[in-house]
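> Data file structure.cif (mmCIF, C-alpha atoms and all ligand atoms) is appended below.
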data_target
loop_
_atom_site.label_atom_id
_atom_site.label_comp_id
_atom_site.auth_asym_id
_atom_site.auth_seq_id
_atom_site.Cartn_x
_atom_site.Cartn_y
_atom_site.Cartn_z
CA MET A 1 -12.38 -10.29 -71.18
CA MET A 2 -12.47 -13.81 -69.87
CA LYS A 3 -13.05 -14.41 -66.18
CA GLU A 4 -11.39 -17.47 -64.67
CA ARG A 5 -11.70 -19.12 -61.29
CA LYS A 6 -10.97 -22.40 -59.53
CA GLU A 7 -13.05 -24.40 -57.10
CA ILE A 8 -11.23 -27.18 -55.23
CA PHE A 9 -12.89 -30.02 -53.29
CA ALA A 10 -11.54 -32.87 -51.17
CA THR A 11 -12.67 -35.76 -53.38
CA ALA A 12 -13.83 -36.45 -56.94
CA LYS A 13 -17.33 -37.22 -55.65
CA GLU A 14 -17.55 -33.93 -53.79
CA THR A 15 -16.32 -32.14 -56.91
CA ALA A 16 -18.97 -33.77 -59.09
CA GLU A 17 -21.73 -33.08 -56.58
CA ALA A 18 -20.78 -29.45 -56.02
CA PHE A 19 -20.77 -28.97 -59.76
CA GLY A 20 -24.19 -30.67 -60.00
CA ASP A 21 -25.71 -28.12 -57.64
CA TYR A 22 -23.95 -25.31 -59.51
CA LEU A 23 -25.25 -26.56 -62.86
CA MET A 24 -28.86 -26.74 -61.69
CA LYS A 25 -28.65 -23.28 -60.13
CA GLU A 26 -27.34 -21.83 -63.40
CA ALA A 27 -30.00 -23.67 -65.40
CA GLY A 28 -32.70 -22.28 -63.09
CA GLU A 29 -31.78 -18.74 -64.08
CA LYS A 30 -32.81 -19.20 -67.71
CA SER A 31 -36.01 -20.45 -69.30
CA VAL A 32 -33.98 -22.36 -71.90
CA PHE A 33 -30.49 -23.58 -71.01
CA HIS A 34 -28.19 -25.07 -73.66
CA CYS A 35 -25.60 -27.34 -72.10
CA ALA A 36 -22.94 -29.53 -73.73
CA LEU A 37 -21.96 -32.68 -71.83
CA SER A 38 -18.73 -34.65 -71.89
CA GLY A 39 -17.73 -38.25 -71.42
CA GLY A 40 -15.24 -39.36 -68.80
CA SER A 41 -15.21 -40.52 -65.23
CA THR A 42 -16.22 -37.39 -63.28
CA PRO A 43 -19.39 -36.86 -65.35
CA LYS A 44 -20.43 -40.40 -64.35
CA MET A 45 -20.48 -39.27 -60.72
CA LEU A 46 -22.21 -36.06 -61.73
CA PHE A 47 -24.98 -37.93 -63.55
CA ASP A 48 -25.48 -40.38 -60.68
CA TYR A 49 -25.92 -37.43 -58.34
CA LEU A 50 -28.32 -35.49 -60.57
CA ALA A 51 -30.41 -38.61 -61.18
CA VAL A 52 -31.10 -38.86 -57.44
CA LYS A 53 -31.04 -35.32 -56.09
CA TYR A 54 -32.82 -33.65 -59.03
CA ARG A 55 -34.87 -36.63 -60.22
CA ASN A 56 -38.17 -34.75 -60.26
CA SER A 57 -36.94 -31.22 -60.87
CA PRO A 58 -39.18 -29.06 -63.09
CA LEU A 59 -36.00 -27.48 -64.47
CA TRP A 60 -35.47 -30.40 -66.88
CA ASN A 61 -38.16 -28.93 -69.14
CA GLY A 62 -35.92 -25.99 -70.01
CA ILE A 63 -32.58 -27.80 -70.23
CA HIS A 64 -31.25 -28.91 -73.60
CA PHE A 65 -28.40 -31.39 -73.62
CA TYR A 66 -25.81 -31.70 -76.38
CA TRP A 67 -22.44 -33.45 -76.46
CA GLY A 68 -19.10 -31.69 -76.73
CA ASP A 69 -17.72 -34.86 -78.20
CA GLU A 70 -18.90 -38.32 -79.07
CA ARG A 71 -17.25 -41.51 -80.19
CA CYS A 72 -18.32 -42.74 -83.65
CA VAL A 73 -20.03 -45.88 -82.41
CA SER A 74 -23.65 -47.02 -82.06
CA PRO A 75 -25.67 -45.68 -79.11
CA GLU A 76 -25.69 -49.26 -77.74
CA ASP A 77 -21.91 -49.47 -77.65
CA ALA A 78 -20.13 -49.37 -74.28
CA GLU A 79 -17.92 -46.57 -75.66
CA SER A 80 -20.87 -44.27 -76.42
CA ASN A 81 -21.03 -41.11 -74.33
CA PHE A 82 -24.76 -40.95 -75.05
CA LYS A 83 -25.26 -44.48 -73.68
CA MET A 84 -23.41 -43.60 -70.49
CA THR A 85 -25.54 -40.48 -69.99
CA LYS A 86 -28.77 -42.30 -70.80
CA GLU A 87 -28.13 -45.14 -68.38
CA ARG A 88 -27.02 -42.91 -65.52
CA LEU A 89 -29.21 -39.84 -65.96
CA LEU A 90 -31.64 -39.56 -68.86
CA ASP A 91 -33.53 -42.76 -68.00
CA TYR A 92 -34.42 -41.34 -64.57
CA ILE A 93 -35.45 -37.76 -65.25
CA PRO A 94 -38.49 -36.22 -66.95
CA ILE A 95 -36.50 -34.41 -69.65
CA PRO A 96 -38.48 -34.01 -72.89
CA GLN A 97 -37.05 -36.23 -75.62
CA GLU A 98 -36.71 -33.28 -77.98
CA ASN A 99 -34.33 -31.60 -75.50
CA VAL A 100 -31.72 -34.34 -75.96
CA HIS A 101 -29.55 -33.68 -79.00
CA ARG A 102 -27.27 -36.62 -79.41
CA VAL A 103 -24.46 -36.95 -81.93
CA LEU A 104 -25.43 -39.76 -84.30
CA GLY A 105 -22.08 -41.46 -83.81
CA GLU A 106 -23.11 -44.53 -85.77
CA ASN A 107 -23.34 -42.49 -89.00
CA ASP A 108 -20.63 -41.48 -91.46
CA PRO A 109 -18.33 -39.34 -89.22
CA GLU A 110 -17.66 -36.56 -91.76
CA ARG A 111 -21.32 -36.17 -92.64
CA GLU A 112 -22.33 -36.34 -89.00
CA ALA A 113 -19.87 -33.59 -88.03
CA GLU A 114 -21.50 -31.42 -90.67
CA ARG A 115 -25.07 -32.39 -89.71
CA TYR A 116 -24.53 -31.93 -85.97
CA GLY A 117 -22.95 -28.53 -86.60
CA GLN A 118 -26.10 -27.54 -88.50
CA GLU A 119 -28.31 -28.80 -85.68
CA LEU A 120 -26.42 -26.65 -83.19
CA LEU A 121 -26.80 -23.60 -85.44
CA GLU A 122 -30.54 -24.23 -85.60
CA TYR A 123 -31.17 -24.62 -81.88
CA LEU A 124 -28.71 -22.23 -80.26
CA PRO A 125 -28.36 -18.47 -80.47
CA THR A 126 -25.38 -17.55 -82.65
CA HIS A 127 -22.48 -15.12 -82.50
CA LYS A 128 -20.28 -14.50 -85.56
CA GLY A 129 -21.76 -17.58 -87.20
CA LEU A 130 -21.08 -19.92 -84.28
CA PRO A 131 -23.53 -21.47 -81.81
CA VAL A 132 -23.42 -20.01 -78.29
CA PHE A 133 -23.78 -22.52 -75.45
CA ASP A 134 -24.84 -21.40 -71.99
CA LEU A 135 -22.47 -23.97 -70.52
CA ILE A 136 -19.97 -26.45 -71.93
CA ILE A 137 -18.70 -29.16 -69.60
CA LEU A 138 -15.21 -30.41 -70.44
CA GLY A 139 -12.78 -32.92 -69.02
CA MET A 140 -9.04 -33.03 -69.52
CA GLY A 141 -7.23 -36.21 -70.46
CA GLU A 142 -3.85 -37.14 -69.04
CA ASP A 143 -2.27 -36.05 -72.36
CA GLY A 144 -3.88 -32.61 -72.06
CA HIS A 145 -6.70 -33.26 -74.54
CA THR A 146 -10.11 -31.79 -74.08
CA ALA A 147 -13.42 -32.72 -75.71
CA SER A 148 -11.86 -34.84 -78.51
CA ILE A 149 -9.22 -32.30 -79.42
CA PHE A 150 -5.97 -34.22 -78.97
CA PRO A 151 -2.42 -32.80 -79.01
CA HIS A 152 -1.74 -34.20 -82.51
CA GLN A 153 -4.70 -32.27 -83.96
CA MET A 154 -4.14 -28.76 -82.62
CA GLU A 155 -5.69 -27.39 -85.82
CA LEU A 156 -9.13 -28.29 -84.40
CA LEU A 157 -8.60 -25.47 -81.91
CA SER A 158 -8.86 -22.92 -84.70
CA SER A 159 -11.08 -24.65 -87.27
CA GLU A 160 -13.81 -22.54 -88.86
CA GLU A 161 -16.26 -25.44 -88.67
CA VAL A 162 -18.64 -25.96 -85.76
CA CYS A 163 -17.78 -29.65 -85.45
CA ARG A 164 -14.97 -31.78 -86.86
CA VAL A 165 -13.94 -35.39 -86.98
CA ALA A 166 -11.14 -36.21 -84.54
CA VAL A 167 -9.05 -39.36 -84.31
CA HIS A 168 -8.00 -40.91 -81.02
CA PRO A 169 -4.17 -41.10 -81.09
CA ASP A 170 -3.91 -44.65 -79.71
CA SER A 171 -6.99 -46.52 -80.84
CA GLY A 172 -7.60 -44.63 -84.11
CA GLN A 173 -11.26 -44.37 -83.09
CA LYS A 174 -13.05 -41.55 -84.87
CA ARG A 175 -14.99 -39.01 -82.89
CA VAL A 176 -17.06 -35.93 -83.57
CA THR A 177 -15.97 -32.93 -81.51
CA LEU A 178 -16.81 -29.28 -81.06
CA THR A 179 -14.00 -27.09 -82.35
CA GLY A 180 -12.00 -24.57 -80.30
CA PRO A 181 -13.81 -21.46 -81.59
CA VAL A 182 -17.22 -22.89 -80.59
CA ILE A 183 -15.96 -23.76 -77.11
CA ASN A 184 -14.45 -20.29 -76.78
CA THR A 185 -17.75 -18.64 -77.80
CA ALA A 186 -19.70 -20.18 -74.88
CA HIS A 187 -21.01 -18.07 -72.02
CA GLU A 188 -19.34 -20.46 -69.63
CA VAL A 189 -16.95 -23.39 -69.82
CA VAL A 190 -16.42 -25.68 -66.85
CA PHE A 191 -13.56 -28.15 -66.59
CA LEU A 192 -14.25 -31.13 -64.35
CA VAL A 193 -10.80 -32.50 -63.54
CA THR A 194 -10.15 -35.05 -60.82
CA GLY A 195 -7.48 -37.56 -59.89
CA ALA A 196 -3.72 -37.54 -59.34
CA GLY A 197 -3.10 -38.53 -62.97
CA LYS A 198 -3.91 -34.95 -63.97
CA LYS A 199 -1.73 -33.06 -61.52
CA GLU A 200 1.35 -32.48 -63.72
CA LYS A 201 -0.67 -31.09 -66.62
CA VAL A 202 -2.88 -29.03 -64.30
CA SER A 203 0.19 -27.49 -62.70
CA GLU A 204 1.87 -26.76 -66.06
CA ILE A 205 -1.30 -25.14 -67.41
CA PHE A 206 -1.94 -23.03 -64.32
CA ASN A 207 1.67 -21.90 -64.07
CA LYS A 208 2.35 -21.72 -67.83
CA THR A 209 5.40 -23.93 -67.47
CA GLY A 210 6.83 -26.96 -69.26
CA GLU A 211 4.94 -28.04 -72.36
CA TRP A 212 1.73 -26.23 -71.46
CA GLU A 213 1.24 -24.73 -74.90
CA SER A 214 1.07 -28.16 -76.50
CA TYR A 215 -1.99 -29.16 -74.44
CA PRO A 216 -5.33 -28.44 -76.11
CA ALA A 217 -6.95 -27.78 -72.71
CA ALA A 218 -4.60 -24.84 -72.16
CA HIS A 219 -6.14 -23.04 -75.14
CA ILE A 220 -9.66 -22.88 -73.79
CA SER A 221 -10.51 -19.31 -72.89
CA PRO A 222 -14.06 -18.20 -73.63
CA GLU A 223 -13.70 -14.75 -75.18
CA GLN A 224 -16.77 -13.15 -73.63
CA GLY A 225 -17.47 -15.72 -70.97
CA SER A 226 -16.09 -17.40 -67.91
CA LEU A 227 -13.87 -20.39 -67.36
CA VAL A 228 -14.33 -22.34 -64.14
CA TRP A 229 -12.16 -25.24 -63.01
CA PHE A 230 -13.82 -27.75 -60.65
CA LEU A 231 -10.93 -29.82 -59.30
CA ASP A 232 -10.29 -32.26 -56.53
CA GLU A 233 -7.27 -32.03 -54.25
CA ALA A 234 -5.53 -34.90 -56.04
CA ALA A 235 -5.63 -33.03 -59.34
CA VAL A 236 -3.95 -30.00 -57.79
CA GLY A 237 -1.32 -32.19 -56.08
CA LYS A 238 -2.55 -31.87 -52.50
C1 LIG B 301 -14.45 -38.36 -73.75
C2 LIG B 301 -14.18 -36.97 -73.35
C3 LIG B 301 -12.83 -36.59 -72.89
C4 LIG B 301 -12.78 -36.68 -71.36
C5 LIG B 301 -11.36 -36.67 -70.85
C6 LIG B 301 -11.28 -36.77 -69.35
O1 LIG B 301 -15.50 -38.63 -74.25
O2 LIG B 301 -13.55 -39.19 -73.54
O3 LIG B 301 -15.16 -36.07 -73.44
O4 LIG B 301 -12.39 -35.35 -73.32
O5 LIG B 301 -13.51 -35.64 -70.81
O6 LIG B 301 -10.67 -37.73 -71.44
O7 LIG B 301 -11.79 -38.00 -68.92
P1 LIG B 301 -11.81 -38.43 -67.40
O8 LIG B 301 -12.81 -37.58 -66.70
O9 LIG B 301 -12.23 -39.87 -67.43
O10 LIG B 301 -10.44 -38.25 -66.90
#
Show how you would write the structure in this file as structure tokens.


Amino acid sequence: MMKERKEIFATAKETAEAFGDYLMKEAGEKSVFHCALSGGSTPKMLFDYLAVKYRNSPLWNGIHFYWGDERCVSPEDAESNFKMTKERLLDYIPIPQENVHRVLGENDPEREAERYGQELLEYLPTHKGLPVFDLIILGMGEDGHTASIFPHQMELLSSEEVCRVAVHPDSGQKRVTLTGPVINTAHEVVFLVTGAGKKEKVSEIFNKTGEWESYPAAHISPEQGSLVWFLDEAAVGK
């Protein structure tokens, strides 16, 4: 049975920082901690915070970072989620290089989805043939997408693959994303959602009203794990 709870903070920065402390506390409880990161604006604040507050933490030795989604671009490209994480966090902390499992976005997307799925199966414990993350960090887009599962590709929520190629609805940019079943197999999934642009979708999802079923984010419910929403007041319409 899934457990769900919400944590609400005054500002986006406070949300990101509270989650940063939460993340490091969770990581400290395990000798190896497998965590999937996301792109987006709130993670930028999270990484800036971790890079200062936890710069010299010994916990980095046991933390493995993966990406829940990545744009199919080179790691030097401004659109790369890896680049953003490297410049804001990885360059400052003593994390072993082998703990950073980036999506090779510059490669052939279909082959990379397959290869990255295999890498996850090698490094993570598995359950029913799927990799089990300790924690997956997700955002939610203003159209209700999460990771790179967009409303026009709802089939990625039930794909049997570990990773799939997704296509951004406006730009056509290809991305590699975790599929719904992998996200729902995690021990814990945390949504970081901030800003007034999210409040309609957040309200529809929480109250199961309007078009809620057409939003990929509404279908995240880790079967054996917990779902935690870290939100700011703007995102809940306060
Ligand atoms: C990405 C994502 C994506 C993101 C949401 C929310 O790489 O773009 O992982 O799913 O988390 O679009 O982004 P914001 O935090 O910027 O609103």

> Taking only C-alpha atoms into account, produce a table as JSON lines in which each residue of range 132-166 of chain A with an atom at most 12 Å from an atom of range 218-235 of chain A appears once, together with its shortest atom pair and the distance in Å to one decimal, ordered by chain and rising number.


{"residue": "A:Val132", "atom": "CA", "partner": "A:Gly225", "partner_atom": "CA", "distance": 10.4}
{"residue": "A:Phe133", "atom": "CA", "partner": "A:Gly225", "partner_atom": "CA", "distance": 10.3}
{"residue": "A:Asp134", "atom": "CA", "partner": "A:Gly225", "partner_atom": "CA", "distance": 9.4}
{"residue": "A:Leu135", "atom": "CA", "partner": "A:Ser226", "partner_atom": "CA", "distance": 9.5}
{"residue": "A:Ile136", "atom": "CA", "partner": "A:Leu227", "partner_atom": "CA", "distance": 9.7}
{"residue": "A:Ile137", "atom": "CA", "partner": "A:Val228", "partner_atom": "CA", "distance": 9.8}
{"residue": "A:Leu138", "atom": "CA", "partner": "A:Trp229", "partner_atom": "CA", "distance": 9.6}
{"residue": "A:Gly139", "atom": "CA", "partner": "A:Trp229", "partner_atom": "CA", "distance": 9.8}
{"residue": "A:Met140", "atom": "CA", "partner": "A:Ala218", "partner_atom": "CA", "distance": 9.7}
{"residue": "A:Gly141", "atom": "CA", "partner": "A:Ala235", "partner_atom": "CA", "distance": 11.7}
{"residue": "A:Glu142", "atom": "CA", "partner": "A:Ala235", "partner_atom": "CA", "distance": 10.7}
{"residue": "A:Asp143", "atom": "CA", "partner": "A:Ala218", "partner_atom": "CA", "distance": 11.5}
{"residue": "A:Gly144", "atom": "CA", "partner": "A:Ala218", "partner_atom": "CA", "distance": 7.8}
{"residue": "A:His145", "atom": "CA", "partner": "A:Ala218", "partner_atom": "CA", "distance": 9.0}
{"residue": "A:Thr146", "atom": "CA", "partner": "A:Ile220", "partner_atom": "CA", "distance": 8.9}
{"residue": "A:Ala147", "atom": "CA", "partner": "A:Ile220", "partner_atom": "CA", "distance": 10.7}
{"residue": "A:Ile149", "atom": "CA", "partner": "A:His219", "partner_atom": "CA", "distance": 10.7}
{"residue": "A:Phe150", "atom": "CA", "partner": "A:Ala218", "partner_atom": "CA", "distance": 11.7}
{"residue": "A:Pro151", "atom": "CA", "partner": "A:Ala218", "partner_atom": "CA", "distance": 10.7}
{"residue": "A:Met154", "atom": "CA", "partner": "A:His219", "partner_atom": "CA", "distance": 9.6}
{"residue": "A:Glu155", "atom": "CA", "partner": "A:His219", "partner_atom": "CA", "distance": 11.5}
{"residue": "A:Leu156", "atom": "CA", "partner": "A:His219", "partner_atom": "CA", "distance": 11.1}
{"residue": "A:Leu157", "atom": "CA", "partner": "A:His219", "partner_atom": "CA", "distance": 7.6}
{"residue": "A:Ser158", "atom": "CA", "partner": "A:His219", "partner_atom": "CA", "distance": 9.9}

> Put those residues in a file: C-alpha atoms, as a tab-separated table (two decimals), in the coordinates of the input.


chain	number	residue	atom	x	y	z
A	132	VAL	CA	-23.42	-20.01	-78.29
A	133	PHE	CA	-23.78	-22.52	-75.45
A	134	ASP	CA	-24.84	-21.40	-71.99
A	135	LEU	CA	-22.47	-23.97	-70.52
A	136	ILE	CA	-19.97	-26.45	-71.93
A	137	ILE	CA	-18.70	-29.16	-69.60
A	138	LEU	CA	-15.21	-30.41	-70.44
A	139	GLY	CA	-12.78	-32.92	-69.02
A	140	MET	CA	-9.04	-33.03	-69.52
A	141	GLY	CA	-7.23	-36.21	-70.46
A	142	GLU	CA	-3.85	-37.14	-69.04
A	143	ASP	CA	-2.27	-36.05	-72.36
A	144	GLY	CA	-3.88	-32.61	-72.06
A	145	HIS	CA	-6.70	-33.26	-74.54
A	146	THR	CA	-10.11	-31.79	-74.08
A	147	ALA	CA	-13.42	-32.72	-75.71
A	149	ILE	CA	-9.22	-32.30	-79.42
A	150	PHE	CA	-5.97	-34.22	-78.97
A	151	PRO	CA	-2.42	-32.80	-79.01
A	154	MET	CA	-4.14	-28.76	-82.62
A	155	GLU	CA	-5.69	-27.39	-85.82
A	156	LEU	CA	-9.13	-28.29	-84.40
A	157	LEU	CA	-8.60	-25.47	-81.91
A	158	SER	CA	-8.86	-22.92	-84.70

> Rank nothing, just name the residue among A:Tyr92, A:Tyr66, A:Phe206, A:Tyr116 nearest to ligand LIG 301 (chain B), using all atoms listed in the file.

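Checking each of A:Tyr92, A:Tyr66, A:Phe206, A:Tyr116 against ligand LIG 301 (chain B), counting all atoms listed in the file, the winner is A:Tyr66.
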
> As a PDB file with C-alpha atoms, in the coordinates of the input, please: the residues near range 80-82 of chain A (cut-off 9 Å, all atoms listed in the file, same-chain neighbours under 6 positions excluded).


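Full text of around-v1.pdb as output:
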ATOM      1  CA  LEU A  37     -21.960 -32.680 -71.830  1.00  0.00           C
ATOM      2  CA  SER A  38     -18.730 -34.650 -71.890  1.00  0.00           C
ATOM      3  CA  GLY A  39     -17.730 -38.250 -71.420  1.00  0.00           C
ATOM      4  CA  GLY A  40     -15.240 -39.360 -68.800  1.00  0.00           C
ATOM      5  CA  TRP A  67     -22.440 -33.450 -76.460  1.00  0.00           C
ATOM      6  CA  ASP A  69     -17.720 -34.860 -78.200  1.00  0.00           C
ATOM      7  CA  GLU A  70     -18.900 -38.320 -79.070  1.00  0.00           C
ATOM      8  CA  ARG A  71     -17.250 -41.510 -80.190  1.00  0.00           C
ATOM      9  CA  CYS A  72     -18.320 -42.740 -83.650  1.00  0.00           C
ATOM     10  CA  VAL A  73     -20.030 -45.880 -82.410  1.00  0.00           C
ATOM     11  CA  SER A  74     -23.650 -47.020 -82.060  1.00  0.00           C
ATOM     12  CA  ARG A 102     -27.270 -36.620 -79.410  1.00  0.00           C
ATOM     13  CA  VAL A 103     -24.460 -36.950 -81.930  1.00  0.00           C
ATOM     14  CA  GLY A 105     -22.080 -41.460 -83.810  1.00  0.00           C
TER      15      GLY A 105
END

> What gap, in Å, lies between CA of Ala51 in chain A and CA of Ala78 in chain A?

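Straight-line distance from CA of Ala51 in chain A to CA of Ala78 in chain A works out to 19.8 Å.
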
> Quick one, how far is CA of Thr177 in chain A from CA of Glu110 in chain A?

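Pair CA of Thr177 in chain A / CA of Glu110 in chain A returns 11.0 Å.
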
> With all atoms listed in the file counted, which protein, DNA or RNA residues have an atom no more than 8 Å from (-42.0, -34.6, -62.8) in the file frame? Please answer as a list in words.

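Answer for this query, in the requested form: Arg55, Asn56, Ser57, Pro58, Ile93 and Pro94 of chain A.
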
> Take CA of Leu89 in chain A and atom O10 of ligand LIG 301 (chain B) and report the distance between them in Å, one decimal.

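Atom O10 of ligand LIG 301 (chain B) lies 18.9 Å from CA of Leu89 in chain A.
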
> For a quick check of understanding, using only C-alpha atoms, which of A:Leu192, A:Leu130, A:His64, A:His168 has the smallest distance to Phe33 in chain A?

A:His64

> Kindly indicate which residue among A:Val162, A:Ile63, A:Ile205, A:Ile8 lies nearest to Lys238 in chain A, using all atoms listed in the file for the distances.

A:Ile8

> Of the candidates A:Tyr54, A:Ser41, A:Arg164, A:Ala10, which one gets nearest to Lys25 in chain A if we count all atoms listed in the file?

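Distance minimum relative to Lys25 in chain A lands on A:Tyr54.
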
> When you count all atoms listed in the file, which of these residues is closest to Thr15 in chain A: A:Leu59, A:Ala217, A:Met45, A:Ala166?

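Among the listed residues, the smallest separation from Thr15 in chain A belongs to A:Met45.
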
> From the list A:His101, A:Arg88, A:Lys198, A:Lys6, which residue is nearest ligand LIG 301 (chain B) when using all atoms listed in the file?

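Checking each of A:His101, A:Arg88, A:Lys198, A:Lys6 against ligand LIG 301 (chain B), counting all atoms listed in the file, the winner is A:Lys198.
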
> Let me have the centre and edge lengths in Å, one decimal, of the box along x, y and z around every listed atom of range 220-223 of chain A with 6 Å of margin on each side, as lines of an AutoDock Vina configuration file.


center_x = -11.9
center_y = -18.8
center_z = -74.0
size_x = 16.4
size_y = 20.1
size_z = 14.3

> Would you save range 126-203 of chain A from the block above with C-alpha atoms, as a compact mmCIF listing (two decimals), in the first residue's frame?


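Result saved to part23.txt:
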# COMPACT_ATOMS: atom_id res chain seq x y z
CA THR A 126 15.64 -5.56 -8.83
CA HIS A 127 12.00 -6.46 -8.23
CA LYS A 128 9.97 -8.31 -10.88
CA GLY A 129 12.68 -7.54 -13.43
CA LEU A 130 12.76 -3.79 -12.76
CA PRO A 131 15.43 -1.72 -11.01
CA VAL A 132 14.50 -0.47 -7.54
CA PHE A 133 15.60 3.07 -6.70
CA ASP A 134 15.87 4.23 -3.11
CA LEU A 135 14.62 7.64 -4.20
CA ILE A 136 13.42 9.16 -7.46
CA ILE A 137 13.16 12.94 -7.63
CA LEU A 138 10.53 14.20 -10.05
CA GLY A 139 9.20 17.54 -11.17
CA MET A 140 5.86 18.26 -12.77
CA GLY A 141 5.53 20.41 -15.87
CA GLU A 142 2.70 22.88 -16.37
CA ASP A 143 1.08 20.36 -18.75
CA GLY A 144 1.16 17.66 -16.06
CA HIS A 145 4.18 15.80 -17.45
CA THR A 146 6.69 14.16 -15.19
CA ALA A 147 10.21 12.91 -15.94
CA SER A 148 9.83 13.03 -19.77
CA ILE A 149 6.47 11.30 -19.82
CA PHE A 150 4.23 13.82 -21.59
CA PRO A 151 0.42 13.69 -21.91
CA HIS A 152 0.62 12.62 -25.57
CA GLN A 153 2.66 9.52 -24.66
CA MET A 154 0.65 8.01 -21.81
CA GLU A 155 1.77 4.56 -22.98
CA LEU A 156 5.17 5.23 -21.34
CA LEU A 157 3.38 4.95 -18.00
CA SER A 158 2.81 1.25 -18.58
CA SER A 159 5.72 0.25 -20.84
CA GLU A 160 7.50 -2.99 -20.00
CA GLU A 161 10.87 -1.42 -20.75
CA VAL A 162 13.04 0.21 -18.09
CA CYS A 163 13.69 3.29 -20.24
CA ARG A 164 12.07 4.64 -23.39
CA VAL A 165 12.58 7.42 -25.87
CA ALA A 166 10.16 10.31 -25.35
CA VAL A 167 9.48 13.26 -27.63
CA HIS A 168 8.89 16.77 -26.33
CA PRO A 169 5.47 17.85 -27.68
CA ASP A 170 6.54 21.36 -28.75
CA SER A 171 10.18 21.18 -29.71
CA GLY A 172 10.23 17.55 -30.93
CA GLN A 173 13.40 17.08 -28.88
CA LYS A 174 14.05 13.44 -28.06
CA ARG A 175 14.67 12.39 -24.51
CA VAL A 176 15.39 9.20 -22.61
CA THR A 177 13.05 8.66 -19.68
CA LEU A 178 12.34 6.11 -16.98
CA THR A 179 8.99 4.43 -17.59
CA GLY A 180 6.01 4.47 -15.21
CA PRO A 181 6.52 0.93 -13.86
CA VAL A 182 10.14 1.72 -12.86
CA ILE A 183 9.07 4.92 -11.10
CA ASN A 184 6.29 3.03 -9.33
CA THR A 185 8.72 0.33 -8.14
CA ALA A 186 10.90 2.82 -6.20
CA HIS A 187 11.05 2.81 -2.41
CA GLU A 188 10.29 6.50 -2.47
CA VAL A 189 9.29 9.10 -5.04
CA VAL A 190 9.49 12.80 -4.25
CA PHE A 191 7.83 15.48 -6.36
CA LEU A 192 9.48 18.90 -6.14
CA VAL A 193 6.81 21.29 -7.38
CA THR A 194 7.03 25.05 -6.97
CA GLY A 195 5.51 28.15 -8.53
CA ALA A 196 2.02 29.46 -9.27
CA GLY A 197 2.12 27.99 -12.78
CA LYS A 198 1.51 24.56 -11.25
CA LYS A 199 -1.42 25.35 -8.98
CA GLU A 200 -4.30 24.32 -11.28
CA LYS A 201 -2.79 20.92 -12.05
CA VAL A 202 -1.76 20.36 -8.43
CA SER A 203 -5.30 21.09 -7.29
